[in-house]
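Source file query_10.txt; content: compact mmCIF, C-alpha atoms.
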# COMPACT_ATOMS: atom_id res chain seq x y z
CA MET A 1 -137.62 104.69 5.41
CA GLU A 2 -134.63 104.39 7.72
CA LEU A 3 -133.41 107.40 9.76
CA ILE A 4 -129.64 107.71 9.28
CA CYS A 5 -126.88 110.27 9.87
CA VAL A 6 -124.42 110.99 7.07
CA GLU A 7 -121.52 113.42 6.86
CA GLY A 8 -121.90 115.43 3.70
CA ILE A 9 -121.43 118.62 1.69
CA SER A 10 -124.35 120.14 -0.19
CA LEU A 11 -123.52 120.68 -3.86
CA THR A 12 -126.75 122.17 -5.21
CA ASP A 13 -130.09 123.50 -4.02
CA LEU A 14 -133.24 123.87 -6.09
CA ASN A 15 -136.57 125.36 -5.13
CA TYR A 16 -139.35 122.77 -5.07
CA SER A 17 -143.05 123.52 -4.75
CA GLU A 18 -144.00 126.70 -2.89
CA SER A 19 -141.96 126.19 0.26
CA SER A 20 -139.46 123.37 -0.12
CA LYS A 21 -136.07 122.68 -1.69
CA ILE A 22 -134.25 119.72 -3.14
CA ILE A 23 -130.57 119.61 -2.21
CA ASN A 24 -127.92 117.26 -3.57
CA VAL A 25 -125.47 116.24 -0.85
CA LEU A 26 -122.17 114.48 -1.45
CA THR A 27 -121.45 111.83 1.18
CA LYS A 28 -118.65 109.33 1.52
CA GLU A 29 -120.94 106.48 2.45
CA TYR A 30 -123.64 106.80 -0.21
CA GLY A 31 -122.20 109.09 -2.85
CA THR A 32 -124.53 111.90 -3.92
CA ILE A 33 -127.94 111.85 -2.25
CA GLY A 34 -130.97 113.84 -3.40
CA ILE A 35 -132.77 115.18 -0.33
CA ILE A 36 -136.03 117.07 -0.04
CA SER A 37 -136.10 119.74 2.65
CA LYS A 38 -139.81 120.21 3.27
CA GLY A 39 -141.03 123.68 4.15
CA CYS A 40 -137.49 125.06 4.48
CA ARG A 41 -138.31 128.28 2.62
CA ASN A 42 -140.80 129.28 5.31
CA LEU A 43 -139.39 132.02 7.53
CA LYS A 44 -139.89 130.04 10.73
CA SER A 45 -138.54 126.72 9.43
CA LYS A 46 -135.68 125.21 11.43
CA LEU A 47 -134.31 123.91 8.13
CA ARG A 48 -134.16 127.32 6.44
CA GLY A 49 -130.51 128.13 7.22
CA VAL A 50 -129.14 124.67 6.41
CA SER A 51 -130.98 123.97 3.17
CA ARG A 52 -128.55 125.60 0.78
CA LYS A 53 -125.46 124.61 -1.15
CA MET A 54 -122.05 124.84 0.51
CA ILE A 55 -123.03 123.43 3.90
CA TYR A 56 -120.73 120.82 5.39
CA GLY A 57 -122.38 118.91 8.19
CA LYS A 58 -123.97 115.81 9.61
CA TYR A 59 -127.27 115.28 7.81
CA TYR A 60 -130.04 113.41 9.58
CA ILE A 61 -132.29 112.02 6.89
CA TYR A 62 -134.94 109.45 6.21
CA TYR A 63 -132.91 107.61 3.59
CA LYS A 64 -134.55 106.21 0.50
CA GLU A 65 -132.25 104.49 -1.98
CA ASN A 66 -132.66 105.55 -5.63
CA SER A 67 -135.21 108.18 -4.69
CA LEU A 68 -135.50 111.41 -2.72
CA SER A 69 -134.59 111.15 0.94
CA THR A 70 -136.15 113.52 3.48
CA LEU A 71 -134.19 115.97 5.61
CA VAL A 72 -134.83 115.96 9.35
CA SER A 73 -131.98 118.17 10.65
CA VAL A 74 -128.35 119.16 10.10
CA ASP A 75 -125.52 119.55 12.59
CA ILE A 76 -123.26 122.06 10.84
CA ILE A 77 -119.54 121.29 10.78
CA ASN A 78 -118.61 124.23 8.56
CA SER A 79 -120.92 126.73 6.84
CA PHE A 80 -117.99 128.49 5.11
CA ASP A 81 -119.04 131.92 6.32
CA ASN A 82 -115.82 133.59 5.16
CA ILE A 83 -116.44 132.44 1.60
CA LEU A 84 -119.88 134.00 1.66
CA LYS A 85 -118.40 137.38 2.63
CA ASN A 86 -116.29 137.67 -0.53
CA LEU A 87 -117.56 137.72 -4.13
CA ASP A 88 -114.35 136.25 -5.55
CA SER A 89 -114.39 133.38 -3.07
CA ILE A 90 -118.10 132.69 -3.69
CA THR A 91 -117.48 132.59 -7.45
CA TYR A 92 -114.59 130.13 -7.25
CA ALA A 93 -116.32 127.97 -4.64
CA SER A 94 -119.51 127.83 -6.70
CA TYR A 95 -117.51 126.70 -9.71
CA ILE A 96 -115.79 124.00 -7.64
CA LEU A 97 -119.18 122.73 -6.44
CA GLU A 98 -120.58 122.61 -9.96
CA LEU A 99 -117.45 120.94 -11.34
CA THR A 100 -117.57 118.32 -8.59
CA TYR A 101 -121.25 117.65 -9.22
CA GLN A 102 -120.59 117.04 -12.91
CA VAL A 103 -117.50 114.88 -12.33
CA LEU A 104 -119.47 112.68 -9.92
CA LYS A 105 -121.79 111.75 -12.79
CA GLU A 106 -118.78 110.13 -14.46
CA ASN A 107 -116.88 108.85 -11.44
CA ASN A 108 -118.18 108.46 -7.87
CA SER A 109 -114.82 107.80 -6.23
CA LYS A 110 -114.90 108.34 -2.46
CA ASP A 111 -111.68 110.37 -2.74
CA ILE A 112 -113.60 113.23 -4.35
CA PHE A 113 -115.30 114.03 -1.04
CA ASP A 114 -112.03 114.91 0.70
CA ILE A 115 -110.74 116.89 -2.28
CA LEU A 116 -113.89 119.02 -2.25
CA LYS A 117 -113.93 119.41 1.52
CA ASP A 118 -110.26 120.44 1.70
CA SER A 119 -110.66 122.88 -1.19
CA LEU A 120 -113.58 124.70 0.42
CA ILE A 121 -111.83 124.82 3.80
CA LYS A 122 -108.69 126.36 2.25
CA ILE A 123 -110.69 129.01 0.38
CA ASN A 124 -112.63 129.73 3.57
CA ASP A 125 -109.28 130.15 5.35
CA SER A 126 -108.29 132.85 2.81
CA PHE A 127 -105.89 130.82 0.67
CA ASN A 128 -105.68 132.02 -2.94
CA PRO A 129 -108.98 130.79 -4.41
CA LEU A 130 -107.64 130.67 -7.99
CA ALA A 131 -104.69 128.48 -6.98
CA ILE A 132 -106.99 126.12 -5.06
CA THR A 133 -109.36 125.99 -8.03
CA LEU A 134 -106.53 125.16 -10.44
CA SER A 135 -105.43 122.36 -8.14
CA ILE A 136 -108.89 120.81 -7.99
CA GLU A 137 -109.28 121.19 -11.77
CA LEU A 138 -106.08 119.24 -12.33
CA LYS A 139 -107.14 116.52 -9.90
CA MET A 140 -110.64 116.18 -11.35
CA LEU A 141 -109.20 115.42 -14.79
CA ASP A 142 -107.94 112.15 -13.31
CA TYR A 143 -111.49 111.14 -12.42
CA LEU A 144 -112.68 112.10 -15.89
CA GLY A 145 -109.97 109.91 -17.39
CA VAL A 146 -108.37 112.68 -19.45
CA SER A 147 -105.40 113.88 -17.40
CA PRO A 148 -102.72 115.90 -19.20
CA ASN A 149 -99.24 114.43 -19.41
CA LEU A 150 -97.26 116.31 -16.75
CA SER A 151 -94.40 113.83 -16.36
CA GLU A 152 -92.86 113.76 -19.84
CA CYS A 153 -93.16 115.16 -23.34
CA SER A 154 -96.56 114.28 -24.73
CA ILE A 155 -95.08 113.59 -28.16
CA CYS A 156 -91.78 111.76 -27.68
CA GLY A 157 -91.83 110.78 -24.00
CA SER A 158 -88.64 112.62 -23.11
CA LYS A 159 -88.28 113.96 -19.58
CA LYS A 160 -85.48 116.35 -20.60
CA ASN A 161 -85.59 119.92 -21.89
CA ILE A 162 -89.31 120.39 -21.28
CA LEU A 163 -90.26 123.72 -22.82
CA THR A 164 -93.97 124.40 -22.48
CA LEU A 165 -97.52 123.20 -21.90
CA SER A 166 -99.83 122.57 -24.84
CA SER A 167 -103.56 121.90 -24.42
CA SER A 168 -103.92 120.80 -28.05
CA LEU A 169 -101.10 118.26 -27.72
CA GLY A 170 -102.12 116.95 -24.30
CA GLY A 171 -99.57 118.34 -21.86
CA LEU A 172 -95.82 118.89 -21.70
CA ILE A 173 -93.79 119.52 -24.84
CA CYS A 174 -89.99 119.33 -25.04
CA GLU A 175 -87.67 121.58 -27.03
CA SER A 176 -87.13 118.96 -29.76
CA CYS A 177 -90.86 118.46 -30.38
CA TYR A 178 -91.92 122.09 -30.12
CA SER A 179 -92.98 123.66 -33.41
CA GLU A 180 -95.39 126.45 -32.55
CA GLY A 181 -97.55 127.88 -29.82
CA TYR A 182 -97.23 129.85 -26.61
CA ILE A 183 -94.23 129.10 -24.39
CA VAL A 184 -95.11 129.27 -20.71
CA LYS A 185 -92.73 130.40 -18.01
CA PRO A 186 -90.61 127.58 -16.50
CA PHE A 187 -92.25 127.93 -13.10
CA THR A 188 -95.72 127.45 -14.63
CA ILE A 189 -94.69 123.90 -15.53
CA LYS A 190 -93.49 123.30 -11.97
CA LEU A 191 -96.70 124.85 -10.66
CA ALA A 192 -98.87 122.50 -12.73
CA ARG A 193 -97.00 119.49 -11.36
CA MET A 194 -97.13 120.79 -7.80
CA LEU A 195 -100.85 121.60 -7.79
CA TYR A 196 -101.64 118.24 -9.38
CA LEU A 197 -99.66 116.23 -6.82
CA VAL A 198 -100.21 118.22 -3.63
CA ASP A 199 -102.67 117.10 -0.97
CA ILE A 200 -104.82 120.23 -0.72
CA GLY A 201 -105.48 119.60 2.95
CA HIS A 202 -101.74 119.80 3.68
CA ILE A 203 -101.17 123.17 1.98
CA THR A 204 -99.77 125.71 4.44
CA LYS A 205 -98.61 128.45 2.06
CA LEU A 206 -99.42 129.58 -1.47
CA ASP A 207 -97.16 132.37 -2.68
CA ILE A 208 -97.52 132.27 -6.46
CA GLU A 209 -96.99 134.95 -9.09
CA LYS A 210 -100.10 136.10 -10.96
CA ASP A 211 -98.47 135.45 -14.35
CA ASN A 212 -97.95 131.79 -13.52
CA LEU A 213 -101.54 131.40 -12.30
CA LYS A 214 -102.81 133.10 -15.45
CA GLU A 215 -100.81 130.83 -17.76
CA LEU A 216 -101.96 127.67 -15.99
CA SER A 217 -105.55 128.95 -15.92
CA ILE A 218 -105.54 129.50 -19.69
CA PHE A 219 -104.03 126.05 -20.30
CA LEU A 220 -106.65 124.32 -18.14
CA SER A 221 -109.55 126.26 -19.61
CA GLU A 222 -108.52 125.23 -23.12
CA TYR A 223 -107.82 121.67 -21.98
CA TYR A 224 -111.27 121.29 -20.37
CA ASP A 225 -112.93 122.65 -23.51
CA LYS A 226 -111.03 120.22 -25.73
CA TYR A 227 -111.14 116.99 -23.72
CA THR A 228 -113.99 116.97 -21.19
CA GLY A 229 -117.15 118.14 -22.97
CA LEU A 230 -118.35 119.71 -19.71
CA TYR A 231 -120.47 122.84 -19.84
CA LEU A 232 -120.46 124.66 -16.51
CA LYS A 233 -122.68 127.70 -16.02
CA SER A 234 -120.42 129.11 -13.31
CA LYS A 235 -117.30 128.94 -15.50
CA LYS A 236 -117.85 132.22 -17.34
CA MET A 237 -118.29 134.16 -14.12
CA MET A 238 -115.18 132.51 -12.65
CA GLU A 239 -113.14 133.42 -15.73
CA LYS A 240 -114.32 137.04 -15.52
CA ILE A 241 -113.24 137.22 -11.89
CA SER A 242 -109.97 135.47 -12.73
CA SER A 243 -109.11 137.89 -15.53
CA PHE A 244 -109.84 140.84 -13.27
CA VAL A 245 -107.63 139.48 -10.49
CA GLU A 246 -104.80 138.71 -12.92
CA SER A 247 -104.82 142.14 -14.62
Give the structure from this file in structure tokens form.
Amino acid sequence: MELICVEGISLTDLNYSESSKIINVLTKEYGTIGIISKGCRNLKSKLRGVSRKMIYGKYYIYYKENSLSTLVSVDIINSFDNILKNLDSITYASYILELTYQVLKENNSKDIFDILKDSLIKINDSFNPLAITLSIELKMLDYLGVSPNLSECSICGSKKNILTLSSSLGGLICESCYSEGYIVKPFTIKLARMLYLVDIGHITKLDIEKDNLKELSIFLSEYYDKYTGLYLKSKKMMEKISSFVES
């Protein structure tokens, strides 16, 4: 096996045997790599602190294509310590990691690495974790091939007199095509477009009303249920935290 260094972010960690772990690390160069961290659960192991999910670093591994690679060491770039100090942040970040892991099974675009990295950095820097999560949810729909229509009415194609967002109808709905359903606030529509288009790494301020975040969160939750078929264990916990924050 070849010893290589790859920049990556650990998405999952799973106990293996009595003392080891298997971690899945997203890299730009090789996509997601399964890596065994031998003996890392031993108290004196030098790999103990770096063999967990949510570590961004340079991974030195004995690389084995289409099989488990072996971890040698990690130079940490960011361990996201601020996220780990806050239950809300941990919950949202864990959901983002799980969502990313599932999306990568459908689409291994190299762009996903930067979206994930920037999202975790912003949450670690105390930006609103729900807003960041909504942004990454919108972007991930692109890679799943089921993006909502946020540029024109999903029924008639009109760009004028847009009234609301409809998960059942696939996105924006104009006044002429509206027949029933919840009408979101005008800024929620602008927010959806903004969070979809924005480069997360370039965000410098997020001052958003809770009502708008709640409306967009409900829309996306229903949209994911209807169009993606993804089942994410961390989603229920995230929604509980979200409803508490929004109340």
Of the listed residues A:Leu172, A:Leu87, A:Ile96, A:Leu134, that which approaches Pro148 of chain A most closely, counting all atoms listed in the file: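 Among the listed residues, the smallest separation from Pro148 of chain A belongs to A:Leu172.
Residue nearest Asn24 of chain A, chosen from A:Leu84, A:Cys40, A:Val184, A:Leu97 and counting only C-alpha atoms: A:Leu97.
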Need to verify the contact set: Tyr63 of chain A, 8 Å, only C-alpha atoms, exclusion of same-chain residues closer than 6 positions in sequence. Can you return it as a PyMOL selection string? chain A and resi 1-4+69-70
Atom CA of Asn78 of chain A to atom CA of Leu195 of chain A: how many Å, to one decimal? 24.3 Å
Could you tell me, as an mmCIF file with C-alpha atoms, in the coordinates of the input, which residues have any atom at most 12 Å from (-108.1, 115.0, -16.7), counting all atoms listed in the file?
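Output (point_17.cif):
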data_model
loop_
_atom_site.group_PDB
_atom_site.id
_atom_site.type_symbol
_atom_site.label_atom_id
_atom_site.label_comp_id
_atom_site.auth_asym_id
_atom_site.auth_seq_id
_atom_site.Cartn_x
_atom_site.Cartn_y
_atom_site.Cartn_z
ATOM 1 C CA VAL A 103 -117.500 114.880 -12.330
ATOM 2 C CA GLU A 106 -118.780 110.130 -14.460
ATOM 3 C CA ASN A 107 -116.880 108.850 -11.440
ATOM 4 C CA SER A 135 -105.430 122.360 -8.140
ATOM 5 C CA ILE A 136 -108.890 120.810 -7.990
ATOM 6 C CA GLU A 137 -109.280 121.190 -11.770
ATOM 7 C CA LEU A 138 -106.080 119.240 -12.330
ATOM 8 C CA LYS A 139 -107.140 116.520 -9.900
ATOM 9 C CA MET A 140 -110.640 116.180 -11.350
ATOM 10 C CA LEU A 141 -109.200 115.420 -14.790
ATOM 11 C CA ASP A 142 -107.940 112.150 -13.310
ATOM 12 C CA TYR A 143 -111.490 111.140 -12.420
ATOM 13 C CA LEU A 144 -112.680 112.100 -15.890
ATOM 14 C CA GLY A 145 -109.970 109.910 -17.390
ATOM 15 C CA VAL A 146 -108.370 112.680 -19.450
ATOM 16 C CA SER A 147 -105.400 113.880 -17.400
ATOM 17 C CA PRO A 148 -102.720 115.900 -19.200
ATOM 18 C CA ASN A 149 -99.240 114.430 -19.410
ATOM 19 C CA LEU A 150 -97.260 116.310 -16.750
ATOM 20 C CA SER A 167 -103.560 121.900 -24.420
ATOM 21 C CA GLY A 170 -102.120 116.950 -24.300
ATOM 22 C CA GLY A 171 -99.570 118.340 -21.860
ATOM 23 C CA TYR A 196 -101.640 118.240 -9.380
ATOM 24 C CA LEU A 220 -106.650 124.320 -18.140
ATOM 25 C CA SER A 221 -109.550 126.260 -19.610
ATOM 26 C CA TYR A 223 -107.820 121.670 -21.980
ATOM 27 C CA TYR A 224 -111.270 121.290 -20.370
ATOM 28 C CA ASP A 225 -112.930 122.650 -23.510
ATOM 29 C CA LYS A 226 -111.030 120.220 -25.730
ATOM 30 C CA TYR A 227 -111.140 116.990 -23.720
ATOM 31 C CA THR A 228 -113.990 116.970 -21.190
ATOM 32 C CA GLY A 229 -117.150 118.140 -22.970
ATOM 33 C CA LEU A 230 -118.350 119.710 -19.710
#
For atom CA of Pro129 of chain A and atom CA of Lys214 of chain A, the interatomic separation in Å (one decimal):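 A separation of 12.9 Å between them.
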Which polymer residues have any atom within 8 Å of an atom of Glu175 of chain A, counting all atoms listed in the file, with same-chain residues fewer than 4 positions away left out, as a list of chain:residue names?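 Listing them by chain and then by number gives A:Asn161, A:Ile162, A:Leu163.
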Output C-alpha atoms for every residue in the selection just made, as a tab-separated table (two decimals), keeping the file's coordinate frame.
chain	number	residue	atom	x	y	z
A	161	ASN	CA	-85.59	119.92	-21.89
A	162	ILE	CA	-89.31	120.39	-21.28
A	163	LEU	CA	-90.26	123.72	-22.82
Find the nearest atom pair between each residue of segment 133-244 of chain A and segment 117-125 of chain A for residues within 9 Å, count all atoms listed in the file, give distances in Å to one decimal, sort rows by chain and ascending number, and present the table as a Markdown table.
| residue | atom | partner | partner_atom | distance |
| --- | --- | --- | --- | --- |
| A:Thr133 | CA | A:Ser119 | CA | 7.6 |
| A:Ser135 | CA | A:Ser119 | CA | 8.7 |
| A:Ile136 | CA | A:Ser119 | CA | 7.3 |
| A:Asp199 | CA | A:Asp118 | CA | 8.7 |
| A:Ile200 | CA | A:Asp118 | CA | 6.0 |
| A:Gly201 | CA | A:Asp118 | CA | 5.0 |
| A:His202 | CA | A:Asp118 | CA | 8.8 |
| A:Ile203 | CA | A:Lys122 | CA | 8.2 |
Using all atoms listed in the file, list the residues that have an atom at most 12 Å from (-96.5, 123.7, -8.2), coordinates as in the file, as an NGL selection string. :A and (131-132 or 134-135 or 138 or 150 or 186-200 or 203 or 205-209 or 212-213 or 216)
Here is a test: counting all atoms listed in the file, which residue of A:Asp211, A:Glu180, A:Glu65, A:Glu18 is nearest to Gly31 of chain A?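 The shortest atom-to-atom distance to Gly31 of chain A comes from A:Glu65.
Considering all atoms listed in the file, the residue among A:Ser217, A:Ser79, A:Thr32, A:Asn86 positioned nearest to Lys105 of chain A is A:Thr32.
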To one decimal place in Å, what is the distance between atom CA of Cys5 of chain A and atom CA of Lys58 of chain A?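 Taking atom CA of Cys5 of chain A and atom CA of Lys58 of chain A, their separation equals 6.3 Å.
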My list of candidates is A:Ser37, A:Asn42, A:Asn15, A:Ser151. Which is closest to Ile61 of chain A when distances are computed with all atoms listed in the file? A:Ser37
Smallest atom-to-atom distance to Asn82 of chain A: which of A:Tyr59, A:Phe127, A:Arg41, A:Leu104, using all atoms listed in the file? A:Phe127
Can you tell me, as AutoDock Vina command-line options, the centre and edge lengths (Å, one decimal) of the axis-aligned box enclosing all of segment 118-135 of chain A's listed atoms after padding each side by 3 Å?
--center_x -109.1 --center_y 126.6 --center_z -2.5 --size_x 14.9 --size_y 18.4 --size_z 21.8
Using all atoms listed in the file, which residues sit within 7 Å of Ser10 of chain A once same-chain residues fewer than 5 positions away are excluded, as a ChimeraX atom specification? /A:23-26,52-56
